[in-house]
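K.L.:
Here it is, the structure in full.
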Amino acid sequence: MANKILPWQIIQKLESDNSRLFKEDVIEEHLSKIDIQEGLAMCLDSLITFGVKQVPESKEDGPGLNWEDFKSSALLLIEREKTGHAARDLIIELLNQATSEQWNDWYRRILIKDLRCGVSEKTVNNVAKRMDIQYRVPVFSCMLAHDGAKHPKKIQGSCLVEYKYDGVRVIAITKNNSTTLYSRNGKILSNFPHIEEALNKKEFNGLVFDGEVMSDDFQSLMKQVHRKTNAKTEDAYLALFDVLPIKEFNEGKSSLDTLQRKEVLTSLANNFSDCIKPVEFTVIDFDTEAGEKTFASMNKKALSEGYEGLMIKPEKALYESKRSHAWLKIKPFIEVTLKVVSIQEGTGKHEGKLGAFSVEGDDDGKFFSLSVGSGLTDEDRESFWAAKDSLVGQLIEIRADAITQSMEGENYSLRFPRFKTFRGFDACLLYTSPSPRDGLLSR
């Protein structure tokens, strides 16, 4: 019986129940069929596109369209041997041959890249793995950043630093003089035709561009991204921060390092239209005092000009199609230097240890008064408590997310303050086995 069920009937069955286990069981029952494998791959592989925006539904039955005839025609669209009016005419021809069920519930869904039955490439691949067969649908994957605040030891040496834009992540892939825009999850973005057109050039064939689509009004942009009709995105532009060949993107790793890829991007800049803008970057050596000062200046600018943060990319790192330490994102932060006025004992597990510093002082024309108890290790709390009398009056550097004003309206405080380091004080003397831990020793 399983062998007699037709592909569109399988889709209809998958639509009938929202249970994940039910869907997996249905797929397992039919995944060994070649036409099912090929159809799922065509639809679910994000990098397979047909270059068509509109695919009409069928309203009456044709004589029937077999899989091999549909597949050979679909390949003409995939390879862009049929485009424009020729592609439209081919689709109408296929529609007229197919029965309504064939077209609306199978062939059309492949062409619009949406099975509409709650099945993704990950679902199919999980079933294929369970069945122990070699078949897999490629999973779209681009590079993602780690939180730099959680990996401070990775921020060292020569790095490229960029301002982090508050936009929509876009992966633009150009082949056969045709560009497709994808979200970070591999969903096709069709509402930026002027950006696609700007990248439809032979100079860009075989390249993957990584960036953020930007607009003067982020909230309005987000409303337009997934609109089905009448999207207004003419003011949007693509801020590019990376580029690599399609082959390397598919393989998951670049051959060129960060700086070399930037040089490739710069070499292509003369071919960019006004709606394509490479992201500026600064090379900083984090092992030097000058580098730290430059980074502090960029952080200050990120705060004052409303950037989402900073991106730190080690110069020699490769592009990897996964979450990688080759990209580190840092939220903009405030740093102030204040005087310790008293030491508070901790409670609970920190009883008999330092709980928090009470600090006060002027910084940039504002008087601050607050407590700082975050950013301290257990070792810090023990050694600082043992030397508490010598710490009163010392200056400490504090990092925070923002400046806040007290309810009284006169003094200022900090949002999420955390201890960074002492200033002009040798904290090594507080340790029996000192180590140059980042954020503790003064520079």
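Residues in the structure tokens are named by chain (A, B, ... in the order shown) and by number from 1 within that chain; ligands are numbered from 1 in the order shown.
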What's the 6 Å shell around range 65-82 of chain A, counting only C-alpha atoms, without same-chain residues fewer than 6 positions away, as a PyMOL selection string?

P.N.:
chain A and resi 49-50+97-98

K.L.:
Excluding Tyr307 in chain A and residues on its chain fewer than 4 positions from it, collect all residues at most 7 Å away from it, counting only C-alpha atoms, and give them as a ChimeraX atom specification.

P.N.:
/A:163-166,302-303

K.L.:
Taking a cut-off of 8 Å and counting only C-alpha atoms, can you build a table that, for each residue of range 89-191 of chain A near range 285-297 of chain A, reports the nearest atom pair and how far apart they are in Å (one decimal), sorted by chain then residue number, as JSON lines?

P.N.:
{"residue": "A:Ile155", "atom": "CA", "partner": "A:Phe286", "partner_atom": "CA", "distance": 7.0}
{"residue": "A:Gln156", "atom": "CA", "partner": "A:Phe286", "partner_atom": "CA", "distance": 5.0}
{"residue": "A:Gly157", "atom": "CA", "partner": "A:Asp285", "partner_atom": "CA", "distance": 5.1}
{"residue": "A:Ser158", "atom": "CA", "partner": "A:Asp285", "partner_atom": "CA", "distance": 4.2}
{"residue": "A:Cys159", "atom": "CA", "partner": "A:Asp285", "partner_atom": "CA", "distance": 6.3}

K.L.:
Convert the current residue selection to file output with all heavy atoms, as a short mmCIF file (atom, residue, chain, number, x, y, z; two decimals), in the first residue's frame.

P.N.:
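Below is the file again22.cif, written as the result:
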data_model
loop_
_atom_site.label_atom_id
_atom_site.label_comp_id
_atom_site.auth_asym_id
_atom_site.auth_seq_id
_atom_site.Cartn_x
_atom_site.Cartn_y
_atom_site.Cartn_z
N ILE A 155 40.00 37.74 22.90
CA ILE A 155 40.22 39.09 22.38
C ILE A 155 41.67 39.48 22.64
O ILE A 155 42.02 40.03 23.69
CB ILE A 155 39.25 40.09 23.04
CG1 ILE A 155 37.81 39.62 22.84
CG2 ILE A 155 39.44 41.49 22.47
CD1 ILE A 155 36.78 40.47 23.56
N GLN A 156 42.52 39.15 21.70
CA GLN A 156 43.95 39.42 21.83
C GLN A 156 44.58 39.52 20.45
O GLN A 156 44.03 39.07 19.45
CB GLN A 156 44.61 38.31 22.64
CG GLN A 156 44.46 36.93 22.02
CD GLN A 156 45.09 35.84 22.88
OE1 GLN A 156 45.97 36.11 23.69
NE2 GLN A 156 44.66 34.60 22.69
N GLY A 157 45.77 40.12 20.43
CA GLY A 157 46.49 40.24 19.17
C GLY A 157 45.79 41.16 18.17
O GLY A 157 44.97 41.99 18.53
N SER A 158 46.14 41.00 16.90
CA SER A 158 45.62 41.87 15.84
C SER A 158 44.23 41.42 15.40
O SER A 158 44.05 40.29 14.96
CB SER A 158 46.58 41.86 14.65
OG SER A 158 46.17 42.77 13.66
N CYS A 159 43.27 42.31 15.51
CA CYS A 159 41.88 42.01 15.16
C CYS A 159 41.28 43.14 14.34
O CYS A 159 41.68 44.30 14.45
CB CYS A 159 41.02 41.83 16.41
SG CYS A 159 41.53 40.46 17.49
#

K.L.:
Which is closer to Phe204 in chain A than all the others in A:Ile173, A:Val127, A:Ile343, A:Leu40, using only C-alpha atoms?

P.N.:
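Nearest candidate to Phe204 in chain A out of A:Ile173, A:Val127, A:Ile343, A:Leu40: A:Ile173.
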
K.L.:
Separation of CA of Thr266 in chain A and CA of Phe140 in chain A, in Å?

P.N.:
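That distance, rounded to one decimal, is 26.3 Å.
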
K.L.:
If you run DSSP over the backbone, which residues in range 94-267 of chain A end up strand (DSSP E)? Put them as a ChimeraX atom specification.

P.N.:
/A:144-147,158-164,168-175,178-182,188-189,207-214,237-245,253-257

K.L.:
Have a look at CA of Arg109 in chain A and CA of Leu44 in chain A and let me know their distance in Å, one decimal.

P.N.:
10.3 Å

K.L.:
Distance table requested - range 172-232 of chain A against range 317-325 of chain A, cut-off 12 Å, only C-alpha atoms: one row per qualifying residue with the closest atom pair and its distance in Å to one decimal, ordered by chain and rising residue number, as a tab-separated table.

P.N.:
residue	atom	partner	partner_atom	distance
A:Arg184	CA	A:Ser321	CA	10.5
A:Asn185	CA	A:Lys322	CA	11.4
A:Val208	CA	A:Tyr319	CA	11.5
A:Phe209	CA	A:Tyr319	CA	11.8
A:Asp210	CA	A:Tyr319	CA	10.5

K.L.:
I need the chosen residues saved as a CSV table (one decimal), in the first residue's frame, with N, CA and C atoms.

P.N.:
chain,number,residue,atom,x,y,z
A,184,ARG,N,19.5,34.5,7.8
A,184,ARG,CA,20.5,33.7,8.4
A,184,ARG,C,20.1,32.2,8.5
A,185,ASN,N,18.7,32.0,8.5
A,185,ASN,CA,18.2,30.6,8.6
A,185,ASN,C,17.9,30.0,7.2
A,208,VAL,N,29.5,34.5,-2.5
A,208,VAL,CA,28.6,34.7,-1.4
A,208,VAL,C,28.9,36.0,-0.6
A,209,PHE,N,28.0,36.9,-0.5
A,209,PHE,CA,28.2,38.1,0.2
A,209,PHE,C,27.4,38.1,1.5
A,210,ASP,N,28.1,38.5,2.6
A,210,ASP,CA,27.5,38.4,3.9
A,210,ASP,C,27.3,39.8,4.5

K.L.:
Do you know which residues are at most 12 Å from Thr99 in chain A counting only C-alpha atoms, after dropping those on the same chain fewer than 4 positions away, and could you put them as a ChimeraX atom specification?

P.N.:
/A:8,57-66,94-95,103-108

K.L.:
Emit the selected residues as an mmCIF file, in the first residue's frame, including C-alpha atoms.

P.N.:
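What landed in out29.cif:
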data_model
loop_
_atom_site.group_PDB
_atom_site.id
_atom_site.type_symbol
_atom_site.label_atom_id
_atom_site.label_comp_id
_atom_site.auth_asym_id
_atom_site.auth_seq_id
_atom_site.Cartn_x
_atom_site.Cartn_y
_atom_site.Cartn_z
ATOM 1 C CA TRP A 8 0.997 14.852 -3.203
ATOM 2 C CA GLU A 57 -2.305 27.646 -8.564
ATOM 3 C CA SER A 58 -4.145 25.140 -10.767
ATOM 4 C CA LYS A 59 -7.917 25.451 -11.063
ATOM 5 C CA GLU A 60 -8.599 22.506 -13.352
ATOM 6 C CA ASP A 61 -7.095 19.112 -14.083
ATOM 7 C CA GLY A 62 -4.623 18.445 -16.850
ATOM 8 C CA PRO A 63 -3.838 14.932 -18.120
ATOM 9 C CA GLY A 64 -1.058 14.428 -15.551
ATOM 10 C CA LEU A 65 2.654 15.275 -15.321
ATOM 11 C CA ASN A 66 5.202 12.590 -14.439
ATOM 12 C CA LEU A 94 3.726 22.438 -16.615
ATOM 13 C CA LEU A 95 0.620 23.636 -14.752
ATOM 14 C CA TRP A 103 0.308 20.797 -9.057
ATOM 15 C CA ASN A 104 -1.131 22.499 -5.991
ATOM 16 C CA ASP A 105 0.048 19.973 -3.400
ATOM 17 C CA TRP A 106 3.416 18.893 -4.829
ATOM 18 C CA TYR A 107 4.975 20.520 -7.887
ATOM 19 C CA ARG A 108 3.916 24.088 -7.040
#

K.L.:
Can you tell me, as a list of chain:residue names, what residues are no more than 8 Å from Lys331 in chain A when counting only C-alpha atoms, ignoring any on the same chain fewer than 3 positions away?

P.N.:
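The residues that qualify are A:Glu308, A:Gly309, A:Leu310, A:Asp401.
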
K.L.:
Suppose we keep N, CA, C and O atoms; can you now write the selection as a PDB file, in the first residue's frame?

P.N.:
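This went into result.pdb:
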ATOM      1  N   GLU A 308      24.617  48.919  17.674  1.00  0.00           N
ATOM      2  CA  GLU A 308      24.230  47.784  18.500  1.00  0.00           C
ATOM      3  C   GLU A 308      25.402  47.265  19.333  1.00  0.00           C
ATOM      4  O   GLU A 308      25.221  46.606  20.340  1.00  0.00           O
ATOM      5  N   GLY A 309      26.610  47.554  18.891  1.00  0.00           N
ATOM      6  CA  GLY A 309      27.796  47.101  19.593  1.00  0.00           C
ATOM      7  C   GLY A 309      28.991  47.110  18.666  1.00  0.00           C
ATOM      8  O   GLY A 309      29.044  47.861  17.686  1.00  0.00           O
ATOM      9  N   LEU A 310      29.956  46.256  18.968  1.00  0.00           N
ATOM     10  CA  LEU A 310      31.173  46.127  18.169  1.00  0.00           C
ATOM     11  C   LEU A 310      31.399  44.662  17.826  1.00  0.00           C
ATOM     12  O   LEU A 310      31.101  43.775  18.624  1.00  0.00           O
ATOM     13  N   ASP A 401      26.630  48.667  31.706  1.00  0.00           N
ATOM     14  CA  ASP A 401      25.888  48.762  30.446  1.00  0.00           C
ATOM     15  C   ASP A 401      25.435  50.184  30.139  1.00  0.00           C
ATOM     16  O   ASP A 401      25.309  50.560  28.972  1.00  0.00           O
TER      17      ASP A 401
END

K.L.:
Applying 12 Å and only C-alpha atoms, which residues near Arg169 in chain A remain after dropping the ones on its own chain fewer than 5 positions away? List them as a PyMOL selection string.

P.N.:
chain A and resi 142-144+164+181-189+209-214+222+225+237-242
